[in-house]
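**Q** model25.cif is reproduced in full below (mmCIF, C-alpha atoms and all ligand atoms).
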data_structure
#
loop_
_atom_site.group_PDB
_atom_site.id
_atom_site.type_symbol
_atom_site.label_atom_id
_atom_site.label_comp_id
_atom_site.auth_asym_id
_atom_site.auth_seq_id
_atom_site.Cartn_x
_atom_site.Cartn_y
_atom_site.Cartn_z
ATOM 1 C CA MET A 50 10.688 10.020 -188.707
ATOM 2 C CA ARG A 51 7.238 9.283 -187.274
ATOM 3 C CA ALA A 52 6.185 10.371 -183.809
ATOM 4 C CA ALA A 53 3.152 9.818 -181.596
ATOM 5 C CA VAL A 54 2.228 12.226 -178.807
ATOM 6 C CA ILE A 55 -0.059 10.792 -176.137
ATOM 7 C CA VAL A 56 -2.948 12.959 -174.950
ATOM 8 C CA PHE A 57 -4.540 12.434 -171.518
ATOM 9 C CA PRO A 58 -7.413 14.412 -170.036
ATOM 10 C CA GLY A 59 -5.478 17.294 -168.432
ATOM 11 C CA SER A 60 -2.444 17.214 -170.748
ATOM 12 C CA ASN A 61 -1.567 20.805 -171.612
ATOM 13 C CA CYS A 62 1.827 20.528 -173.320
ATOM 14 C CA ASP A 63 0.819 17.963 -175.947
ATOM 15 C CA ARG A 64 0.567 20.503 -178.750
ATOM 16 C CA ASP A 65 3.843 22.163 -177.738
ATOM 17 C CA MET A 66 5.552 18.781 -177.978
ATOM 18 C CA ALA A 67 3.941 18.067 -181.341
ATOM 19 C CA VAL A 68 5.005 21.475 -182.690
ATOM 20 C CA ALA A 69 8.593 20.934 -181.503
ATOM 21 C CA LEU A 70 8.694 17.472 -183.093
ATOM 22 C CA ARG A 71 7.181 18.674 -186.362
ATOM 23 C CA GLU A 72 9.115 21.909 -186.683
ATOM 24 C CA VAL A 73 12.546 20.866 -185.436
ATOM 25 C CA THR A 74 12.678 17.256 -186.640
ATOM 26 C CA GLY A 75 10.158 17.361 -189.487
ATOM 27 C CA ALA A 76 8.503 14.271 -187.978
ATOM 28 C CA GLU A 77 5.041 13.253 -189.064
ATOM 29 C CA THR A 78 3.344 13.485 -185.674
ATOM 30 C CA ALA A 79 0.105 11.793 -184.631
ATOM 31 C CA MET A 80 -1.864 12.729 -181.525
ATOM 32 C CA VAL A 81 -2.994 9.562 -179.726
ATOM 33 C CA TRP A 82 -5.786 9.550 -177.140
ATOM 34 C CA HIS A 83 -5.158 7.794 -173.816
ATOM 35 C CA GLY A 84 -8.098 5.438 -174.315
ATOM 36 C CA ASP A 85 -6.685 3.987 -177.537
ATOM 37 C CA SER A 86 -5.214 0.557 -177.074
ATOM 38 C CA GLY A 87 -2.557 0.758 -179.777
ATOM 39 C CA LEU A 88 -0.018 3.119 -181.307
ATOM 40 C CA PRO A 89 -0.074 3.963 -185.026
ATOM 41 C CA ASP A 90 2.189 1.764 -187.186
ATOM 42 C CA ASN A 91 5.889 2.458 -187.715
ATOM 43 C CA ILE A 92 6.319 4.944 -184.899
ATOM 44 C CA ASP A 93 9.940 5.932 -184.165
ATOM 45 C CA ILE A 94 9.276 7.843 -180.959
ATOM 46 C CA VAL A 95 6.492 8.284 -178.443
ATOM 47 C CA GLY A 96 6.252 11.615 -176.631
ATOM 48 C CA ILE A 97 4.501 11.741 -173.275
ATOM 49 C CA PRO A 98 3.773 15.413 -172.678
ATOM 50 C CA GLY A 99 3.535 17.644 -169.655
ATOM 51 C CA GLY A 100 0.371 18.688 -167.947
ATOM 52 C CA PHE A 101 -2.001 17.652 -165.216
ATOM 53 C CA SER A 102 -3.257 14.271 -166.395
ATOM 54 C CA PHE A 103 -6.421 13.274 -164.556
ATOM 55 C CA GLY A 104 -6.081 16.410 -162.434
ATOM 56 C CA ASP A 105 -2.954 15.058 -160.691
ATOM 57 C CA TYR A 106 -5.311 13.028 -158.481
ATOM 58 C CA LEU A 107 -3.897 10.087 -156.499
ATOM 59 C CA ARG A 108 -0.293 10.910 -157.503
ATOM 60 C CA CYS A 109 0.896 12.860 -160.555
ATOM 61 C CA GLY A 110 0.891 10.429 -163.481
ATOM 62 C CA ALA A 111 -0.474 7.448 -161.519
ATOM 63 C CA ILE A 112 -3.867 7.246 -163.231
ATOM 64 C CA ALA A 113 -2.428 8.035 -166.675
ATOM 65 C CA ALA A 114 0.105 5.217 -166.231
ATOM 66 C CA ASN A 115 -2.807 2.793 -166.049
ATOM 67 C CA SER A 116 -4.472 4.040 -169.258
ATOM 68 C CA PRO A 117 -4.931 1.532 -172.108
ATOM 69 C CA ILE A 118 -2.389 3.415 -174.237
ATOM 70 C CA CYS A 119 0.309 3.062 -171.593
ATOM 71 C CA ARG A 120 0.201 -0.719 -171.975
ATOM 72 C CA ALA A 121 1.039 -0.149 -175.664
ATOM 73 C CA VAL A 122 3.795 2.318 -174.715
ATOM 74 C CA VAL A 123 5.335 -0.207 -172.292
ATOM 75 C CA ASP A 124 5.288 -2.873 -175.062
ATOM 76 C CA PHE A 125 6.794 -0.385 -177.516
ATOM 77 C CA ALA A 126 9.619 0.439 -175.067
ATOM 78 C CA ALA A 127 10.180 -3.271 -174.335
ATOM 79 C CA LYS A 128 10.862 -3.755 -178.061
ATOM 80 C CA GLY A 129 13.446 -0.954 -177.991
ATOM 81 C CA GLY A 130 11.151 1.926 -178.979
ATOM 82 C CA ALA A 131 12.238 5.458 -178.061
ATOM 83 C CA VAL A 132 10.109 7.313 -175.499
ATOM 84 C CA LEU A 133 10.463 10.911 -174.309
ATOM 85 C CA GLY A 134 8.543 11.910 -171.181
ATOM 86 C CA VAL A 135 8.528 15.572 -170.213
ATOM 87 C CA CYS A 136 7.423 16.721 -166.759
ATOM 88 C CA ASN A 137 4.052 14.987 -166.244
ATOM 89 C CA GLY A 138 5.360 12.566 -168.889
ATOM 90 C CA PHE A 139 8.376 11.801 -166.659
ATOM 91 C CA GLN A 140 5.977 11.218 -163.754
ATOM 92 C CA VAL A 141 3.940 8.831 -165.945
ATOM 93 C CA LEU A 142 7.114 6.943 -166.930
ATOM 94 C CA THR A 143 8.122 6.399 -163.291
ATOM 95 C CA GLU A 144 4.567 5.253 -162.506
ATOM 96 C CA THR A 145 4.654 2.696 -165.350
ATOM 97 C CA GLY A 146 8.011 1.405 -164.094
ATOM 98 C CA LEU A 147 9.741 2.291 -167.382
ATOM 99 C CA LEU A 148 11.988 4.629 -165.384
ATOM 100 C CA PRO A 149 13.184 4.167 -161.804
ATOM 101 C CA GLY A 150 12.681 6.532 -158.871
ATOM 102 C CA ALA A 151 9.740 8.770 -157.967
ATOM 103 C CA LEU A 152 8.740 12.419 -158.276
ATOM 104 C CA MET A 153 7.613 13.931 -154.986
ATOM 105 C CA ARG A 154 6.271 17.355 -153.976
ATOM 106 C CA ASN A 155 8.860 20.154 -154.372
ATOM 107 C CA ALA A 156 10.798 20.733 -151.144
ATOM 108 C CA ASN A 157 9.361 24.260 -150.801
ATOM 109 C CA LEU A 158 5.808 22.949 -151.446
ATOM 110 C CA LYS A 159 5.369 25.559 -154.194
ATOM 111 C CA PHE A 160 4.696 25.344 -157.918
ATOM 112 C CA ILE A 161 7.964 26.382 -159.577
ATOM 113 C CA CYS A 162 7.669 28.011 -163.005
ATOM 114 C CA LYS A 163 10.845 29.600 -164.371
ATOM 115 C CA PRO A 164 13.795 29.024 -166.687
ATOM 116 C CA VAL A 165 16.501 27.026 -164.885
ATOM 117 C CA GLU A 166 20.090 26.091 -165.570
ATOM 118 C CA LEU A 167 20.730 22.437 -166.396
ATOM 119 C CA VAL A 168 23.980 20.554 -166.729
ATOM 120 C CA VAL A 169 24.079 17.950 -169.489
ATOM 121 C CA GLU A 170 25.482 14.890 -167.698
ATOM 122 C CA THR A 171 25.788 12.592 -170.698
ATOM 123 C CA ALA A 172 25.895 13.086 -174.449
ATOM 124 C CA ASP A 173 25.636 9.330 -174.920
ATOM 125 C CA SER A 174 21.960 8.970 -175.851
ATOM 126 C CA LEU A 175 19.694 9.613 -178.790
ATOM 127 C CA PHE A 176 18.236 12.544 -176.839
ATOM 128 C CA THR A 177 21.480 14.256 -175.833
ATOM 129 C CA SER A 178 24.024 13.482 -178.565
ATOM 130 C CA GLY A 179 23.710 17.062 -179.843
ATOM 131 C CA TYR A 180 24.964 18.489 -176.538
ATOM 132 C CA GLU A 181 28.414 18.320 -174.962
ATOM 133 C CA LYS A 182 28.814 16.494 -171.664
ATOM 134 C CA GLY A 183 29.117 19.203 -168.995
ATOM 135 C CA GLN A 184 27.359 21.812 -171.171
ATOM 136 C CA ARG A 185 25.192 24.263 -169.224
ATOM 137 C CA ILE A 186 21.866 25.057 -170.834
ATOM 138 C CA GLU A 187 18.728 26.950 -169.873
ATOM 139 C CA ILE A 188 15.323 25.238 -170.074
ATOM 140 C CA PRO A 189 12.054 26.193 -168.318
ATOM 141 C CA VAL A 190 10.444 24.136 -165.546
ATOM 142 C CA ALA A 191 6.794 24.247 -164.442
ATOM 143 C CA HIS A 192 5.905 21.733 -161.739
ATOM 144 C CA HIS A 193 4.900 21.125 -158.147
ATOM 145 C CA ASP A 194 6.080 17.515 -158.008
ATOM 146 C CA GLY A 195 9.565 17.649 -159.473
ATOM 147 C CA ASN A 196 11.518 16.465 -156.469
ATOM 148 C CA TYR A 197 13.200 13.332 -157.862
ATOM 149 C CA ARG A 198 13.805 10.703 -155.209
ATOM 150 C CA ALA A 199 16.010 7.643 -155.553
ATOM 151 C CA ASP A 200 17.711 5.741 -152.740
ATOM 152 C CA ALA A 201 21.507 5.642 -152.463
ATOM 153 C CA GLU A 202 21.758 2.264 -154.185
ATOM 154 C CA LEU A 203 19.707 3.418 -157.189
ATOM 155 C CA ARG A 204 21.624 6.703 -157.417
ATOM 156 C CA ALA A 205 24.919 4.801 -157.425
ATOM 157 C CA GLN A 206 23.587 2.511 -160.153
ATOM 158 C CA LEU A 207 22.346 5.409 -162.298
ATOM 159 C CA GLU A 208 25.691 7.129 -161.886
ATOM 160 C CA ALA A 209 27.706 3.972 -162.656
ATOM 161 C CA GLU A 210 25.608 3.277 -165.773
ATOM 162 C CA ASP A 211 25.812 6.917 -166.972
ATOM 163 C CA ARG A 212 22.019 7.185 -166.908
ATOM 164 C CA ILE A 213 21.702 10.614 -165.293
ATOM 165 C CA ALA A 214 20.930 12.749 -168.347
ATOM 166 C CA PHE A 215 20.553 16.171 -166.711
ATOM 167 C CA ARG A 216 21.139 17.791 -163.327
ATOM 168 C CA TYR A 217 19.870 21.174 -162.172
ATOM 169 C CA GLY A 218 22.686 23.735 -161.981
ATOM 170 C CA THR A 219 21.508 24.604 -158.458
ATOM 171 C CA ASP A 220 19.016 22.880 -156.182
ATOM 172 C CA ILE A 221 15.559 24.146 -157.168
ATOM 173 C CA ASN A 222 13.165 21.533 -155.801
ATOM 174 C CA GLY A 223 15.029 19.222 -153.399
ATOM 175 C CA ALA A 224 15.717 16.490 -155.990
ATOM 176 C CA ASP A 225 18.271 13.912 -154.838
ATOM 177 C CA ASP A 226 21.693 14.784 -156.282
ATOM 178 C CA ARG A 227 19.929 17.614 -158.225
ATOM 179 C CA ILE A 228 18.741 14.988 -160.764
ATOM 180 C CA ALA A 229 16.483 16.528 -163.446
ATOM 181 C CA GLY A 230 16.300 13.670 -165.962
ATOM 182 C CA VAL A 231 17.179 9.975 -166.215
ATOM 183 C CA LEU A 232 17.563 7.336 -168.921
ATOM 184 C CA SER A 233 16.320 3.753 -168.984
ATOM 185 C CA GLU A 234 18.748 0.854 -168.910
ATOM 186 C CA ASN A 235 18.733 0.594 -172.736
ATOM 187 C CA ARG A 236 19.108 4.446 -172.930
ATOM 188 C CA ARG A 237 16.072 4.739 -175.245
ATOM 189 C CA VAL A 238 13.623 6.116 -172.686
ATOM 190 C CA LEU A 239 14.272 9.583 -171.239
ATOM 191 C CA GLY A 240 12.214 11.321 -168.572
ATOM 192 C CA LEU A 241 12.983 14.859 -167.481
ATOM 193 C CA MET A 242 11.145 17.520 -165.501
ATOM 194 C CA PRO A 243 12.281 20.574 -167.543
ATOM 195 C CA HIS A 244 10.454 21.331 -170.794
ATOM 196 C CA PRO A 245 12.764 21.245 -173.858
ATOM 197 C CA GLU A 246 9.738 21.780 -176.145
ATOM 198 C CA ARG A 247 9.301 25.212 -174.526
ATOM 199 C CA ALA A 248 12.784 26.278 -175.644
ATOM 200 C CA VAL A 249 12.844 25.720 -179.405
ATOM 201 C CA ASP A 250 12.082 29.190 -180.785
ATOM 202 C CA PRO A 251 13.627 32.587 -179.998
ATOM 203 C CA LEU A 252 10.078 33.721 -179.175
ATOM 204 C CA HIS A 253 10.129 31.208 -176.297
ATOM 205 C CA GLY A 254 12.963 33.208 -174.755
ATOM 206 C CA GLY A 255 15.559 30.525 -175.474
ATOM 207 C CA THR A 256 16.454 27.772 -177.918
ATOM 208 C CA ASP A 257 18.482 25.341 -175.813
ATOM 209 C CA GLY A 258 15.868 22.618 -176.369
ATOM 210 C CA VAL A 259 16.524 22.510 -180.108
ATOM 211 C CA ALA A 260 19.581 20.255 -179.718
ATOM 212 C CA MET A 261 17.461 17.566 -178.074
ATOM 213 C CA PHE A 262 15.051 17.381 -181.010
ATOM 214 C CA ARG A 263 17.936 17.569 -183.487
ATOM 215 C CA SER A 264 19.629 14.694 -181.641
ATOM 216 C CA LEU A 265 16.445 12.652 -182.079
ATOM 217 C CA ALA A 266 16.199 13.498 -185.750
ATOM 218 C CA ALA A 267 19.820 12.466 -186.262
ATOM 219 C CA SER A 268 19.293 9.100 -184.549
ATOM 220 C CA LEU A 269 15.811 8.049 -185.582
ATOM 221 C CA VAL A 270 15.335 7.404 -189.236
ATOM 222 C CA SER A 271 12.215 5.671 -190.464
ATOM 223 C CA ALA A 272 12.678 2.376 -192.207
HETATM 224 N N1 LIG B 301 4.094 20.875 -166.401
HETATM 225 C C1 LIG B 301 3.841 19.684 -165.923
HETATM 226 O O1 LIG B 301 3.879 18.690 -166.637
HETATM 227 C C2 LIG B 301 3.412 19.588 -164.477
HETATM 228 C C3 LIG B 301 3.411 18.178 -163.947
HETATM 229 C C4 LIG B 301 2.621 18.033 -162.673
HETATM 230 N N2 LIG B 301 1.244 18.425 -162.865
HETATM 231 C C5 LIG B 301 3.295 18.840 -161.596
HETATM 232 O O2 LIG B 301 2.895 19.942 -161.351
HETATM 233 O O3 LIG B 301 4.267 18.399 -161.041
#
Is it possible to give me this structure as structure tokens?
Ligand SMILES: NC(=O)CC[C@H](N)C(=O)O
**A**
Amino acid sequence: MRAAVIVFPGSNCDRDMAVALREVTGAETAMVWHGDSGLPDNIDIVGIPGGFSFGDYLRCGAIAANSPICRAVVDFAAKGGAVLGVCNGFQVLTETGLLPGALMRNANLKFICKPVELVVETADSLFTSGYEKGQRIEIPVAHHDGNYRADAELRAQLEAEDRIAFRYGTDINGADDRIAGVLSENRRVLGLMPHPERAVDPLHGGTDGVAMFRSLAASLVSA
């Protein structure tokens, strides 16, 4: 398996994502700068990491979404490539249009940084096949704009198409229907606000993120 992790000015979880990919899946992982116009050859998955790309100016993820590399990521996804966006990465994915909805300021207007309970809403994806539907897991969050907004029509569509990957166990940030992560129509792009890469080693305080990376390793095999 070969992975690429995109690095923007202000990314701060890029190395954590690379370590999780390398150590849990054994993937050869390349770090790719936002100004590059192409991805390395034969990539199986692109990781868009958390952080504060471009200082969160304009809207979180909005400037990053217009980086040269994001045009390559959109092309990669259009050809069926797998993309995982965590936190700021989820915000970037909504700003590129690869995922629907928007991430707004948390309802309490505070930065929330703590482990939270998530409910796995579907095991039918290359990111979640290692979990059970309905399983409750604990994964940390660290964001000020994690309040996922989608109108009633979009929420009904996501629900009908089984594209809600994770919900928060309790409302932490005001997100509509407690949605914490969503899948693209072809189920090969996942964005989520919680940080699975921060829960892959007992020293992190929890290992509930391991199953996500194992799911990826089980599904993505290099040609
Ligand atoms: N950890 C992150 O990726 C944070 C994302 C974004 N800067 C926010 O605070 O919402």
**Q** Counting all atoms listed in the file, which residues in chain A sit no more than 9 Å from ligand LIG 301 (chain B)? For each one, give the nearest pair of atoms and the distance in Å, sorted by chain then residue number, as a tab-separated table.
**A**
residue	atom	partner	partner_atom	distance
A:Gly59	CA	B:LIG301	N2	8.8
A:Ser60	CA	B:LIG301	O1	7.7
A:Asn61	CA	B:LIG301	O1	7.7
A:Cys62	CA	B:LIG301	O1	7.2
A:Pro98	CA	B:LIG301	O1	6.9
A:Gly99	CA	B:LIG301	O1	3.2
A:Gly100	CA	B:LIG301	O1	3.7
A:Phe101	CA	B:LIG301	N2	4.1
A:Ser102	CA	B:LIG301	N2	7.1
A:Gly104	CA	B:LIG301	N2	7.6
A:Asp105	CA	B:LIG301	N2	5.8
A:Cys109	CA	B:LIG301	C4	5.8
A:Gly110	CA	B:LIG301	C4	7.8
A:Val135	CA	B:LIG301	O1	6.6
A:Cys136	CA	B:LIG301	O1	4.1
A:Asn137	CA	B:LIG301	O1	3.7
A:Gly138	CA	B:LIG301	O1	6.7
A:Phe139	CA	B:LIG301	O1	8.2
A:Gln140	CA	B:LIG301	C3	7.4
A:Leu152	CA	B:LIG301	O3	8.0
A:Met153	CA	B:LIG301	O3	8.2
A:Arg154	CA	B:LIG301	O3	7.4
A:Asn155	CA	B:LIG301	O3	8.3
A:Phe160	CA	B:LIG301	O2	6.6
A:Ile161	CA	B:LIG301	O2	8.4
A:Cys162	CA	B:LIG301	N1	8.7
A:Val190	CA	B:LIG301	N1	7.2
A:Ala191	CA	B:LIG301	N1	4.7
A:His192	CA	B:LIG301	O2	3.5
A:His193	CA	B:LIG301	O2	4.0
A:Asp194	CA	B:LIG301	O3	3.6
A:Gly195	CA	B:LIG301	O3	5.6
A:Asn196	CA	B:LIG301	O3	8.8
A:Met242	CA	B:LIG301	O1	7.4
A:Pro243	CA	B:LIG301	N1	8.3
A:His244	CA	B:LIG301	N1	7.7
**Q** Applied to this file, what does the PyMOL selection byres (((chain A and resi 147) around 12) and not hetatm) return in terms of residues, put as a VMD selection string?
**A** chain A and resid 114 119 to 120 122 to 127 129 to 134 138 to 146 148 to 151 231 to 240
**Q** Just to be explicit: take each residue in the selection above, keep C-alpha atoms, and write the result as a compact mmCIF listing (two decimals), keeping the file's coordinate frame.
**A**
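File written: out-v4.txt
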# COMPACT_ATOMS: atom_id res chain seq x y z
CA ALA A 114 0.10 5.22 -166.23
CA CYS A 119 0.31 3.06 -171.59
CA ARG A 120 0.20 -0.72 -171.98
CA VAL A 122 3.80 2.32 -174.72
CA VAL A 123 5.34 -0.21 -172.29
CA ASP A 124 5.29 -2.87 -175.06
CA PHE A 125 6.79 -0.38 -177.52
CA ALA A 126 9.62 0.44 -175.07
CA ALA A 127 10.18 -3.27 -174.34
CA GLY A 129 13.45 -0.95 -177.99
CA GLY A 130 11.15 1.93 -178.98
CA ALA A 131 12.24 5.46 -178.06
CA VAL A 132 10.11 7.31 -175.50
CA LEU A 133 10.46 10.91 -174.31
CA GLY A 134 8.54 11.91 -171.18
CA GLY A 138 5.36 12.57 -168.89
CA PHE A 139 8.38 11.80 -166.66
CA GLN A 140 5.98 11.22 -163.75
CA VAL A 141 3.94 8.83 -165.94
CA LEU A 142 7.11 6.94 -166.93
CA THR A 143 8.12 6.40 -163.29
CA GLU A 144 4.57 5.25 -162.51
CA THR A 145 4.65 2.70 -165.35
CA GLY A 146 8.01 1.40 -164.09
CA LEU A 148 11.99 4.63 -165.38
CA PRO A 149 13.18 4.17 -161.80
CA GLY A 150 12.68 6.53 -158.87
CA ALA A 151 9.74 8.77 -157.97
CA VAL A 231 17.18 9.98 -166.22
CA LEU A 232 17.56 7.34 -168.92
CA SER A 233 16.32 3.75 -168.98
CA GLU A 234 18.75 0.85 -168.91
CA ASN A 235 18.73 0.59 -172.74
CA ARG A 236 19.11 4.45 -172.93
CA ARG A 237 16.07 4.74 -175.24
CA VAL A 238 13.62 6.12 -172.69
CA LEU A 239 14.27 9.58 -171.24
CA GLY A 240 12.21 11.32 -168.57
**Q** Need to verify the contact set: A:Pro89, 9 Å, all atoms listed in the file, exclusion of same-chain residues closer than 3 positions in sequence. Can you return it as a PyMOL selection string?
**A** chain A and resi 53+79+81+92
**Q** Can you pull out the residues contacting A:Gly218? Cut-off 8 Å, using all atoms listed in the file, and skip same-chain residues under 2 positions away; I want them as a ChimeraX atom specification.
**A** /A:165-168,185,216,220,227
**Q** Can you work out which one of A:Glu181, A:Glu246, A:Tyr217, A:Gln206 has the shortest atom-to-atom distance to A:Arg64, counting only C-alpha atoms?
**A** A:Glu246
**Q** I'd like the interatomic distance between atom CA of A:Leu265 and atom CA of A:Ser178, to a tenth of an Å.
**A**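 Computing the Euclidean distance for atom CA of A:Leu265 and atom CA of A:Ser178 yields 8.4 Å.
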**Q** Tell me which of A:Glu202, A:Pro245, A:Pro189, A:Lys182 sits closest to A:Ala214, counting all atoms listed in the file.
**A** A:Lys182
**Q** So, counting all atoms listed in the file, which residue among A:Asp211, A:Gly254, A:Ile228, A:Glu187 is closest to A:Ala172?
**A**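 Selected residue with least distance to A:Ala172: A:Asp211.
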**Q** In Å, rounded to a single decimal, give me how far atom CA of A:Asp226 is from atom CA of A:Gln184.
**A**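 Atom CA of A:Asp226 lies at a distance of 17.4 Å from atom CA of A:Gln184.
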**Q** For a test of reading the model, state the distance in Å between atom CA of A:Met50 and atom CA of A:Trp82, rounded to one decimal.
**A**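 Atom CA of A:Met50 sits 20.1 Å away from atom CA of A:Trp82.
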**Q** Which one is closest to A:Ile188: A:Glu72, A:Asp250, A:Asp85, A:Glu210? Count all atoms listed in the file.
**A**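 For A:Ile188, the nearest of the candidates is A:Asp250.
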**Q** Work out where the centre of an axis-aligned box around every listed atom of stretch 135-151 of chain A lies and how long its edges are once 4 Å is added on each side; give both in Å to one decimal as lines of an AutoDock Vina configuration file.
**A**
center_x = 8.6
center_y = 9.1
center_z = -164.1
size_x = 17.2
size_y = 23.3
size_z = 20.2
**Q** Let me make sure I understand: among A:Gly75, A:Asp200, A:Arg108, A:Arg247, which one has the smallest atom-to-atom distance to A:Asp63 if we use all atoms listed in the file?
**A**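 Nearest candidate to A:Asp63 out of A:Gly75, A:Asp200, A:Arg108, A:Arg247: A:Arg247.
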**Q** Got a sec: who's within 8 Å of A:Val249, counting all atoms listed in the file, leaving out chain neighbours fewer than 2 positions off, as a VMD selection string?
**A** chain A and resid 69 73 245 to 247 251 253 255 to 259
